Each structure stands twice: as C-alpha cells, then as structure tokens.
Amino acid sequence: MTTTPKAGRSRLDPEPVPRRDWLGLSSLAAMGSALLFGLIGMLKLPKAAVLASPSKKFRVALPETLPPGEPFVPPGRAVAIFRDGEGVYAVSTICTHLGCVVKSVPEGFECPCHGSRFARDGEVTKGPAPRALPWFKVGLAGGLVTIDEGTVVPSGTKVAG
Ligand code: FES
C-alpha cells in the first residue's frame, strides 16, 4: 500500500506516527522506565547493618612518656590503662550507673551523665553509681600490654612490668 504525500509535506519528511502506535510506544517507554527505576531502587536497598564489634581482647603499646598513675585511654576503647611503681593495670571507663563513658579528671573519673565520680582505682567517691569501675585482666608481652575487657579481675590486680 502506498500513501501519497499530503499537501504541505515534503516527501522526505518522516511519516507521522499514528495515534495508536504513539500510545503503544509511550506505554512501552513507561514500562521500561518503571523497570529501570525499580532495578535502581532494588540496588539501593539498605544493606545489612551488622557491624563487627571490636574484639574484647586487644594489645596496645603504652606511651613511653606516660607518667606514673596517669591514665592512658587507647583510641576507640573504654578502658584506662595505668602504670605505676607496682605494675600495669586497666580500669573500665564505663559508668556502673547507666553505662555512660566516664571522663578522666585530676581526681579520677567523672561521669558526664549523672555526675558520679570515681577515684583513680575505680572506687565510687560520689553516686549515683552503685559499684566501682571494674578492673580488667592485663598481660605484658613483647613490650605490649594485652587487655582483656571480657575478664574482670579483683581491684588492685596489677601486672609487674
Ligand atoms: S550513667 Fe554515670 S552517673 Fe549515671
């Protein structure tokens, strides 16, 4: 079947798309767009938010210049490590009231949440904290200090080194 060019149109102009075909193409384009955006949305789904927690046992080098009785808190850890004339020991910096991280102050530790205060050895000097800060197991090997935050030892347990 041949069509004759309509008046005002050149023979070189493309044939106009009939309305039915145009609607079909439009719906195909809409379906393609929906599939594309659906795929992009699936790729952007939230990933599992499971993060590996740091090991309870870690090794750290104490600063050479750490003064006796002054705390050293390794970055990212909630433990204060001390070295004095009797040895090395580690005290938790997690408040025994509701679990805030205590800050080191000249007298010991202070909890920023409800104001509990602790001596350098972790003993409570001002409530509401119900218990002393726990001490953790410490080991010395190869010039490094090994701290086991999973093992609580009696207060006053120091490792000579
Ligand atoms: S959490 Fe430390 S005083 Fe409440």
# chains A, B, ... in the order shown; residues from 1 in each chain; ligands from 1

call {"tool": "residues_near_ligand", "arguments": {"ligand": "ligand 1", "cutoff": "6 Å", "atoms": "only C-alpha atoms and all ligand atoms", "output": "ChimeraX atom specification"}}
result
/A:95,97-100,111,113-116,128-129

call {"tool": "write_last_selection", "arguments": {"atoms": "C-alpha atoms", "output": "compact mmCIF listing (two decimals), in the first residue's frame"}}
result
# COMPACT_ATOMS: atom_id res chain seq x y z
CA CYS A 95 29.99 4.03 84.37
CA HIS A 97 25.19 3.53 86.86
CA LEU A 98 23.74 3.55 83.35
CA GLY A 99 26.73 2.91 81.14
CA CYS A 100 27.98 6.32 80.08
CA CYS A 111 30.57 10.63 84.62
CA CYS A 113 25.58 11.81 82.56
CA HIS A 114 24.57 11.99 86.23
CA GLY A 115 27.68 13.21 87.94
CA SER A 116 29.10 10.07 89.53
CA PRO A 128 24.58 7.54 91.97
CA ALA A 129 26.93 4.86 90.57

call {"tool": "residues_around", "arguments": {"residues": "Lys56 of chain A", "least_positions_apart": "2", "cutoff": "9 Å", "atoms": "only C-alpha atoms", "output": "PDB file with N, CA, C and O atoms, in the first residue's frame"}}
result
ATOM      1  N   SER A  53      31.842  -6.103  66.001  1.00  0.00           N
ATOM      2  CA  SER A  53      32.265  -5.347  67.186  1.00  0.00           C
ATOM      3  C   SER A  53      33.740  -5.634  67.436  1.00  0.00           C
ATOM      4  O   SER A  53      34.234  -6.704  67.113  1.00  0.00           O
ATOM      5  N   PRO A  54      34.426  -4.654  67.997  1.00  0.00           N
ATOM      6  CA  PRO A  54      35.850  -4.885  68.230  1.00  0.00           C
ATOM      7  C   PRO A  54      36.051  -6.000  69.242  1.00  0.00           C
ATOM      8  O   PRO A  54      35.214  -6.236  70.108  1.00  0.00           O
ATOM      9  N   PHE A  58      42.666  -6.933  73.268  1.00  0.00           N
ATOM     10  CA  PHE A  58      43.480  -6.167  72.336  1.00  0.00           C
ATOM     11  C   PHE A  58      44.846  -5.889  72.954  1.00  0.00           C
ATOM     12  O   PHE A  58      45.030  -5.985  74.165  1.00  0.00           O
ATOM     13  N   ILE A 147      45.080  -6.287  76.944  1.00  0.00           N
ATOM     14  CA  ILE A 147      43.929  -6.016  77.805  1.00  0.00           C
ATOM     15  C   ILE A 147      42.808  -6.963  77.388  1.00  0.00           C
ATOM     16  O   ILE A 147      42.494  -7.060  76.206  1.00  0.00           O
ATOM     17  N   ASP A 148      42.216  -7.629  78.358  1.00  0.00           N
ATOM     18  CA  ASP A 148      41.073  -8.496  78.087  1.00  0.00           C
ATOM     19  C   ASP A 148      39.854  -7.887  78.770  1.00  0.00           C
ATOM     20  O   ASP A 148      39.637  -8.077  79.963  1.00  0.00           O
ATOM     21  N   GLU A 149      39.069  -7.140  77.977  1.00  0.00           N
ATOM     22  CA  GLU A 149      37.888  -6.477  78.528  1.00  0.00           C
ATOM     23  C   GLU A 149      36.789  -7.471  78.900  1.00  0.00           C
ATOM     24  O   GLU A 149      35.807  -7.095  79.533  1.00  0.00           O
ATOM     25  N   GLY A 150      36.962  -8.705  78.517  1.00  0.00           N
ATOM     26  CA  GLY A 150      35.967  -9.711  78.853  1.00  0.00           C
ATOM     27  C   GLY A 150      36.242 -10.400  80.172  1.00  0.00           C
ATOM     28  O   GLY A 150      35.431 -11.205  80.633  1.00  0.00           O
ATOM     29  N   THR A 151      37.375 -10.116  80.786  1.00  0.00           N
ATOM     30  CA  THR A 151      37.730 -10.783  82.039  1.00  0.00           C
ATOM     31  C   THR A 151      37.957  -9.740  83.130  1.00  0.00           C
ATOM     32  O   THR A 151      38.890  -8.945  83.047  1.00  0.00           O
TER      33      THR A 151
END

call {"tool": "residues_around", "arguments": {"residues": "segment 141-143 of chain A", "least_positions_apart": "3", "cutoff": "9 Å", "atoms": "only C-alpha atoms", "output": "number ranges by chain"}}
result
A: 60-62, 146

call {"tool": "select_by_dssp", "arguments": {"residues": "segment 2-158 of chain A", "states": "strand (DSSP E or B)", "output": "ChimeraX atom specification"}}
result
/A:57-60,72,79-84,87-92,94,101,103-105,108-110,117-119,124-126,135-141,144-153

call {"tool": "residues_around", "arguments": {"residues": "Thr157 of chain A", "least_positions_apart": "6", "cutoff": "10 Å", "atoms": "only C-alpha atoms", "output": "list in words"}}
result
Glu86, Gly87, Val88, Tyr89, Ala90, Trp135, Phe136, Lys137 and Val138 of chain A

call {"tool": "select_by_dssp", "arguments": {"residues": "chain A", "states": "helix (DSSP H, G or I)", "output": "JSON, numbers by chain"}}
result
{"A": [19, 20, 21, 22, 23, 24, 25, 26, 27, 28, 29, 30, 31, 32, 33, 34, 35, 36, 37, 38, 39, 40, 41, 42, 43]}

call {"tool": "write_last_selection", "arguments": {"atoms": "N, CA and C atoms", "output": "PDB file, in the first residue's frame"}}
result
ATOM      1  N   ARG A  19      -1.742   7.640  15.962  1.00  0.00           N
ATOM      2  CA  ARG A  19      -2.026   7.786  17.389  1.00  0.00           C
ATOM      3  C   ARG A  19      -1.924   6.449  18.129  1.00  0.00           C
ATOM      4  N   ARG A  20      -2.427   5.396  17.522  1.00  0.00           N
ATOM      5  CA  ARG A  20      -2.398   4.085  18.174  1.00  0.00           C
ATOM      6  C   ARG A  20      -0.947   3.629  18.403  1.00  0.00           C
ATOM      7  N   ASP A  21      -0.111   3.810  17.396  1.00  0.00           N
ATOM      8  CA  ASP A  21       1.305   3.435  17.562  1.00  0.00           C
ATOM      9  C   ASP A  21       1.989   4.311  18.595  1.00  0.00           C
ATOM     10  N   TRP A  22       1.660   5.592  18.576  1.00  0.00           N
ATOM     11  CA  TRP A  22       2.287   6.513  19.528  1.00  0.00           C
ATOM     12  C   TRP A  22       1.926   6.106  20.964  1.00  0.00           C
ATOM     13  N   LEU A  23       0.673   5.754  21.201  1.00  0.00           N
ATOM     14  CA  LEU A  23       0.270   5.318  22.539  1.00  0.00           C
ATOM     15  C   LEU A  23       0.981   4.026  22.944  1.00  0.00           C
ATOM     16  N   GLY A  24       1.127   3.128  21.968  1.00  0.00           N
ATOM     17  CA  GLY A  24       1.844   1.874  22.262  1.00  0.00           C
ATOM     18  C   GLY A  24       3.292   2.138  22.611  1.00  0.00           C
ATOM     19  N   LEU A  25       3.956   2.994  21.864  1.00  0.00           N
ATOM     20  CA  LEU A  25       5.356   3.330  22.159  1.00  0.00           C
ATOM     21  C   LEU A  25       5.478   4.024  23.509  1.00  0.00           C
ATOM     22  N   SER A  26       4.515   4.909  23.796  1.00  0.00           N
ATOM     23  CA  SER A  26       4.552   5.612  25.084  1.00  0.00           C
ATOM     24  C   SER A  26       4.407   4.641  26.244  1.00  0.00           C
ATOM     25  N   SER A  27       3.505   3.687  26.088  1.00  0.00           N
ATOM     26  CA  SER A  27       3.330   2.730  27.197  1.00  0.00           C
ATOM     27  C   SER A  27       4.560   1.840  27.333  1.00  0.00           C
ATOM     28  N   LEU A  28       5.205   1.487  26.220  1.00  0.00           N
ATOM     29  CA  LEU A  28       6.452   0.717  26.307  1.00  0.00           C
ATOM     30  C   LEU A  28       7.534   1.514  27.018  1.00  0.00           C
ATOM     31  N   ALA A  29       7.632   2.800  26.674  1.00  0.00           N
ATOM     32  CA  ALA A  29       8.636   3.648  27.331  1.00  0.00           C
ATOM     33  C   ALA A  29       8.335   3.768  28.819  1.00  0.00           C
ATOM     34  N   ALA A  30       7.067   3.888  29.179  1.00  0.00           N
ATOM     35  CA  ALA A  30       6.704   3.994  30.599  1.00  0.00           C
ATOM     36  C   ALA A  30       7.051   2.706  31.333  1.00  0.00           C
ATOM     37  N   MET A  31       6.772   1.552  30.704  1.00  0.00           N
ATOM     38  CA  MET A  31       7.118   0.265  31.333  1.00  0.00           C
ATOM     39  C   MET A  31       8.628   0.138  31.500  1.00  0.00           C
ATOM     40  N   GLY A  32       9.371   0.530  30.469  1.00  0.00           N
ATOM     41  CA  GLY A  32      10.829   0.462  30.561  1.00  0.00           C
ATOM     42  C   GLY A  32      11.354   1.345  31.666  1.00  0.00           C
ATOM     43  N   SER A  33      10.805   2.547  31.792  1.00  0.00           N
ATOM     44  CA  SER A  33      11.239   3.451  32.856  1.00  0.00           C
ATOM     45  C   SER A  33      10.924   2.871  34.212  1.00  0.00           C
ATOM     46  N   ALA A  34       9.726   2.296  34.353  1.00  0.00           N
ATOM     47  CA  ALA A  34       9.345   1.720  35.651  1.00  0.00           C
ATOM     48  C   ALA A  34      10.284   0.581  36.021  1.00  0.00           C
ATOM     49  N   LEU A  35      10.609  -0.279  35.043  1.00  0.00           N
ATOM     50  CA  LEU A  35      11.542  -1.378  35.329  1.00  0.00           C
ATOM     51  C   LEU A  35      12.915  -0.853  35.710  1.00  0.00           C
ATOM     52  N   LEU A  36      13.380   0.148  34.980  1.00  0.00           N
ATOM     53  CA  LEU A  36      14.701   0.715  35.264  1.00  0.00           C
ATOM     54  C   LEU A  36      14.750   1.307  36.671  1.00  0.00           C
ATOM     55  N   PHE A  37      13.732   2.119  37.010  1.00  0.00           N
ATOM     56  CA  PHE A  37      13.735   2.722  38.348  1.00  0.00           C
ATOM     57  C   PHE A  37      13.552   1.655  39.429  1.00  0.00           C
ATOM     58  N   GLY A  38      12.778   0.614  39.108  1.00  0.00           N
ATOM     59  CA  GLY A  38      12.632  -0.483  40.076  1.00  0.00           C
ATOM     60  C   GLY A  38      13.961  -1.166  40.337  1.00  0.00           C
ATOM     61  N   LEU A  39      14.724  -1.420  39.277  1.00  0.00           N
ATOM     62  CA  LEU A  39      16.035  -2.053  39.439  1.00  0.00           C
ATOM     63  C   LEU A  39      16.986  -1.164  40.233  1.00  0.00           C
ATOM     64  N   ILE A  40      16.963   0.123  39.910  1.00  0.00           N
ATOM     65  CA  ILE A  40      17.828   1.053  40.663  1.00  0.00           C
ATOM     66  C   ILE A  40      17.426   1.056  42.133  1.00  0.00           C
ATOM     67  N   GLY A  41      16.112   1.050  42.379  1.00  0.00           N
ATOM     68  CA  GLY A  41      15.651   1.024  43.771  1.00  0.00           C
ATOM     69  C   GLY A  41      16.087  -0.234  44.484  1.00  0.00           C
ATOM     70  N   MET A  42      16.055  -1.383  43.775  1.00  0.00           N
ATOM     71  CA  MET A  42      16.498  -2.634  44.411  1.00  0.00           C
ATOM     72  C   MET A  42      17.982  -2.584  44.741  1.00  0.00           C
ATOM     73  N   LEU A  43      18.767  -1.957  43.871  1.00  0.00           N
ATOM     74  CA  LEU A  43      20.201  -1.864  44.147  1.00  0.00           C
ATOM     75  C   LEU A  43      20.488  -0.980  45.350  1.00  0.00           C
TER      76      LEU A  43
END

call {"tool": "closest_residue", "arguments": {"among": "A:Val105, A:Ala119, A:Leu45, A:Leu133", "to": "Thr93 of chain A", "atoms": "only C-alpha atoms"}}
result
A:Leu133

call {"tool": "residues_around", "arguments": {"residues": "Thr125 of chain A", "least_positions_apart": "6", "cutoff": "10 Å", "atoms": "only C-alpha atoms", "output": "PyMOL selection string"}}
result
chain A and resi 107-110+116-119+132

call {"tool": "write_last_selection", "arguments": {"atoms": "N, CA, C and O atoms", "output": "PDB file, in the first residue's frame"}}
result
ATOM      1  N   GLU A 107      41.141  14.142  89.763  1.00  0.00           N
ATOM      2  CA  GLU A 107      40.920  13.296  90.945  1.00  0.00           C
ATOM      3  C   GLU A 107      40.617  11.847  90.587  1.00  0.00           C
ATOM      4  O   GLU A 107      40.550  11.002  91.470  1.00  0.00           O
ATOM      5  N   GLY A 108      40.348  11.574  89.333  1.00  0.00           N
ATOM      6  CA  GLY A 108      39.985  10.218  88.929  1.00  0.00           C
ATOM      7  C   GLY A 108      39.140  10.249  87.680  1.00  0.00           C
ATOM      8  O   GLY A 108      39.616  10.593  86.598  1.00  0.00           O
ATOM      9  N   PHE A 109      37.865   9.894  87.842  1.00  0.00           N
ATOM     10  CA  PHE A 109      36.953   9.888  86.701  1.00  0.00           C
ATOM     11  C   PHE A 109      35.638  10.552  87.104  1.00  0.00           C
ATOM     12  O   PHE A 109      35.216  10.457  88.257  1.00  0.00           O
ATOM     13  N   GLU A 110      35.009  11.158  86.129  1.00  0.00           N
ATOM     14  CA  GLU A 110      33.713  11.790  86.359  1.00  0.00           C
ATOM     15  C   GLU A 110      32.771  11.368  85.246  1.00  0.00           C
ATOM     16  O   GLU A 110      33.158  11.372  84.076  1.00  0.00           O
ATOM     17  N   SER A 116      28.338  10.982  88.661  1.00  0.00           N
ATOM     18  CA  SER A 116      29.103  10.075  89.529  1.00  0.00           C
ATOM     19  C   SER A 116      30.584  10.386  89.410  1.00  0.00           C
ATOM     20  O   SER A 116      31.060  10.823  88.366  1.00  0.00           O
ATOM     21  N   ARG A 117      31.286  10.150  90.504  1.00  0.00           N
ATOM     22  CA  ARG A 117      32.740  10.356  90.499  1.00  0.00           C
ATOM     23  C   ARG A 117      33.412   9.091  91.006  1.00  0.00           C
ATOM     24  O   ARG A 117      32.881   8.385  91.864  1.00  0.00           O
ATOM     25  N   PHE A 118      34.569   8.841  90.458  1.00  0.00           N
ATOM     26  CA  PHE A 118      35.331   7.651  90.799  1.00  0.00           C
ATOM     27  C   PHE A 118      36.776   8.053  91.059  1.00  0.00           C
ATOM     28  O   PHE A 118      37.299   8.952  90.407  1.00  0.00           O
ATOM     29  N   ALA A 119      37.399   7.362  91.985  1.00  0.00           N
ATOM     30  CA  ALA A 119      38.824   7.567  92.215  1.00  0.00           C
ATOM     31  C   ALA A 119      39.602   6.913  91.086  1.00  0.00           C
ATOM     32  O   ALA A 119      39.032   6.188  90.265  1.00  0.00           O
ATOM     33  N   ALA A 132      31.979   0.160  91.990  1.00  0.00           N
ATOM     34  CA  ALA A 132      33.254   0.664  91.472  1.00  0.00           C
ATOM     35  C   ALA A 132      33.413   0.266  90.002  1.00  0.00           C
ATOM     36  O   ALA A 132      32.762  -0.674  89.524  1.00  0.00           O
TER      37      ALA A 132
END

call {"tool": "atom_distance", "arguments": {"atom1": "atom CA of Gly156 of chain A", "atom2": "atom CA of Glu123 of chain A"}}
result
10.8 Å

call {"tool": "residues_around", "arguments": {"residues": "segment 63-66 of chain A", "least_positions_apart": "5", "cutoff": "10 Å", "atoms": "only C-alpha atoms", "output": "list in words"}}
result
Pro71, Phe72, Ile81, Phe82, Arg83 and Asp84 of chain A

call {"tool": "atom_distance", "arguments": {"atom1": "atom CA of Arg77 of chain A", "atom2": "atom CA of Ser155 of chain A"}}
result
19.5 Å

call {"tool": "decode", "arguments": {"residues": "segment 54-155 of chain A", "atoms": "C-alpha atoms", "output": "PDB file, in the first residue's frame"}}
result
ATOM      1  CA  PRO A  54      35.850  -4.885  68.230  1.00  0.00           C
ATOM      2  CA  SER A  55      37.444  -7.776  69.989  1.00  0.00           C
ATOM      3  CA  LYS A  56      37.306  -7.716  73.762  1.00  0.00           C
ATOM      4  CA  LYS A  57      40.987  -8.568  73.825  1.00  0.00           C
ATOM      5  CA  PHE A  58      43.480  -6.167  72.336  1.00  0.00           C
ATOM      6  CA  ARG A  59      47.135  -5.233  72.521  1.00  0.00           C
ATOM      7  CA  VAL A  60      48.462  -1.737  72.822  1.00  0.00           C
ATOM      8  CA  ALA A  61      51.783  -0.033  73.411  1.00  0.00           C
ATOM      9  CA  LEU A  62      51.847   2.347  76.346  1.00  0.00           C
ATOM     10  CA  PRO A  63      53.309   5.754  75.606  1.00  0.00           C
ATOM     11  CA  GLU A  64      56.912   5.995  76.809  1.00  0.00           C
ATOM     12  CA  THR A  65      56.110   9.297  78.481  1.00  0.00           C
ATOM     13  CA  LEU A  66      53.073   8.063  80.431  1.00  0.00           C
ATOM     14  CA  PRO A  67      53.532   9.464  83.943  1.00  0.00           C
ATOM     15  CA  PRO A  68      53.013   7.018  86.830  1.00  0.00           C
ATOM     16  CA  GLY A  69      49.373   6.937  87.929  1.00  0.00           C
ATOM     17  CA  GLU A  70      48.114   8.801  84.871  1.00  0.00           C
ATOM     18  CA  PRO A  71      45.536   7.066  82.671  1.00  0.00           C
ATOM     19  CA  PHE A  72      46.096   6.166  79.057  1.00  0.00           C
ATOM     20  CA  VAL A  73      42.879   5.553  77.123  1.00  0.00           C
ATOM     21  CA  PRO A  74      43.544   3.851  73.784  1.00  0.00           C
ATOM     22  CA  PRO A  75      41.501   5.428  70.978  1.00  0.00           C
ATOM     23  CA  GLY A  76      38.154   3.728  70.487  1.00  0.00           C
ATOM     24  CA  ARG A  77      38.389   1.787  73.750  1.00  0.00           C
ATOM     25  CA  ALA A  78      36.546   2.209  77.022  1.00  0.00           C
ATOM     26  CA  VAL A  79      39.407   1.317  79.285  1.00  0.00           C
ATOM     27  CA  ALA A  80      42.006   3.375  81.117  1.00  0.00           C
ATOM     28  CA  ILE A  81      45.433   1.801  81.454  1.00  0.00           C
ATOM     29  CA  PHE A  82      47.744   2.867  84.257  1.00  0.00           C
ATOM     30  CA  ARG A  83      51.365   2.203  85.027  1.00  0.00           C
ATOM     31  CA  ASP A  84      52.839   2.847  88.446  1.00  0.00           C
ATOM     32  CA  GLY A  85      55.638   1.505  90.607  1.00  0.00           C
ATOM     33  CA  GLU A  86      53.740  -1.741  91.283  1.00  0.00           C
ATOM     34  CA  GLY A  87      52.834  -2.565  87.704  1.00  0.00           C
ATOM     35  CA  VAL A  88      50.299  -2.083  84.972  1.00  0.00           C
ATOM     36  CA  TYR A  89      46.531  -2.264  85.390  1.00  0.00           C
ATOM     37  CA  ALA A  90      43.402  -1.446  83.449  1.00  0.00           C
ATOM     38  CA  VAL A  91      40.157   0.079  84.691  1.00  0.00           C
ATOM     39  CA  SER A  92      36.906   0.214  82.737  1.00  0.00           C
ATOM     40  CA  THR A  93      35.645   3.667  81.787  1.00  0.00           C
ATOM     41  CA  ILE A  94      32.017   2.540  81.547  1.00  0.00           C
ATOM     42  CA  CYS A  95      29.991   4.032  84.369  1.00  0.00           C
ATOM     43  CA  THR A  96      28.343   1.417  86.566  1.00  0.00           C
ATOM     44  CA  HIS A  97      25.193   3.526  86.861  1.00  0.00           C
ATOM     45  CA  LEU A  98      23.741   3.545  83.350  1.00  0.00           C
ATOM     46  CA  GLY A  99      26.728   2.913  81.145  1.00  0.00           C
ATOM     47  CA  CYS A 100      27.979   6.319  80.081  1.00  0.00           C
ATOM     48  CA  VAL A 101      31.680   6.684  79.338  1.00  0.00           C
ATOM     49  CA  VAL A 102      33.409   8.457  82.209  1.00  0.00           C
ATOM     50  CA  LYS A 103      35.927  11.207  81.616  1.00  0.00           C
ATOM     51  CA  SER A 104      39.316  11.437  83.214  1.00  0.00           C
ATOM     52  CA  VAL A 105      39.651  14.318  85.680  1.00  0.00           C
ATOM     53  CA  PRO A 106      42.557  15.123  88.003  1.00  0.00           C
ATOM     54  CA  GLU A 107      40.920  13.296  90.945  1.00  0.00           C
ATOM     55  CA  GLY A 108      39.985  10.218  88.929  1.00  0.00           C
ATOM     56  CA  PHE A 109      36.953   9.888  86.701  1.00  0.00           C
ATOM     57  CA  GLU A 110      33.713  11.790  86.359  1.00  0.00           C
ATOM     58  CA  CYS A 111      30.566  10.632  84.622  1.00  0.00           C
ATOM     59  CA  PRO A 112      29.065  13.322  82.382  1.00  0.00           C
ATOM     60  CA  CYS A 113      25.577  11.811  82.557  1.00  0.00           C
ATOM     61  CA  HIS A 114      24.566  11.992  86.226  1.00  0.00           C
ATOM     62  CA  GLY A 115      27.685  13.211  87.937  1.00  0.00           C
ATOM     63  CA  SER A 116      29.103  10.075  89.529  1.00  0.00           C
ATOM     64  CA  ARG A 117      32.740  10.356  90.499  1.00  0.00           C
ATOM     65  CA  PHE A 118      35.331   7.651  90.799  1.00  0.00           C
ATOM     66  CA  ALA A 119      38.824   7.567  92.215  1.00  0.00           C
ATOM     67  CA  ARG A 120      41.732   6.529  90.012  1.00  0.00           C
ATOM     68  CA  ASP A 121      41.349   2.961  91.246  1.00  0.00           C
ATOM     69  CA  GLY A 122      37.698   2.971  90.175  1.00  0.00           C
ATOM     70  CA  GLU A 123      36.152   3.255  93.647  1.00  0.00           C
ATOM     71  CA  VAL A 124      32.972   5.329  93.813  1.00  0.00           C
ATOM     72  CA  THR A 125      33.516   8.658  95.565  1.00  0.00           C
ATOM     73  CA  LYS A 126      30.130  10.129  94.633  1.00  0.00           C
ATOM     74  CA  GLY A 127      26.941   8.422  93.470  1.00  0.00           C
ATOM     75  CA  PRO A 128      24.584   7.535  91.967  1.00  0.00           C
ATOM     76  CA  ALA A 129      26.932   4.862  90.571  1.00  0.00           C
ATOM     77  CA  PRO A 130      26.265   1.727  92.634  1.00  0.00           C
ATOM     78  CA  ARG A 131      29.604  -0.028  92.150  1.00  0.00           C
ATOM     79  CA  ALA A 132      33.254   0.664  91.472  1.00  0.00           C
ATOM     80  CA  LEU A 133      34.599   0.606  87.930  1.00  0.00           C
ATOM     81  CA  PRO A 134      35.750  -2.947  87.178  1.00  0.00           C
ATOM     82  CA  TRP A 135      39.370  -3.851  86.560  1.00  0.00           C
ATOM     83  CA  PHE A 136      40.294  -5.924  83.526  1.00  0.00           C
ATOM     84  CA  LYS A 137      42.837  -8.653  83.058  1.00  0.00           C
ATOM     85  CA  VAL A 138      46.183  -7.334  81.847  1.00  0.00           C
ATOM     86  CA  GLY A 139      49.128  -9.149  80.312  1.00  0.00           C
ATOM     87  CA  LEU A 140      52.550  -7.989  79.201  1.00  0.00           C
ATOM     88  CA  ALA A 141      54.411  -9.465  76.270  1.00  0.00           C
ATOM     89  CA  GLY A 142      56.922  -8.114  73.807  1.00  0.00           C
ATOM     90  CA  GLY A 143      56.647  -4.556  75.082  1.00  0.00           C
ATOM     91  CA  LEU A 144      52.902  -4.519  74.502  1.00  0.00           C
ATOM     92  CA  VAL A 145      50.090  -4.549  77.018  1.00  0.00           C
ATOM     93  CA  THR A 146      47.306  -7.046  76.406  1.00  0.00           C
ATOM     94  CA  ILE A 147      43.929  -6.016  77.805  1.00  0.00           C
ATOM     95  CA  ASP A 148      41.073  -8.496  78.087  1.00  0.00           C
ATOM     96  CA  GLU A 149      37.888  -6.477  78.528  1.00  0.00           C
ATOM     97  CA  GLY A 150      35.967  -9.711  78.853  1.00  0.00           C
ATOM     98  CA  THR A 151      37.730 -10.783  82.039  1.00  0.00           C
ATOM     99  CA  VAL A 152      37.192  -8.812  85.233  1.00  0.00           C
ATOM    100  CA  VAL A 153      39.815  -9.193  87.932  1.00  0.00           C
ATOM    101  CA  PRO A 154      39.717  -8.051  91.561  1.00  0.00           C
ATOM    102  CA  SER A 155      40.550  -4.385  92.117  1.00  0.00           C
TER     103      SER A 155
END
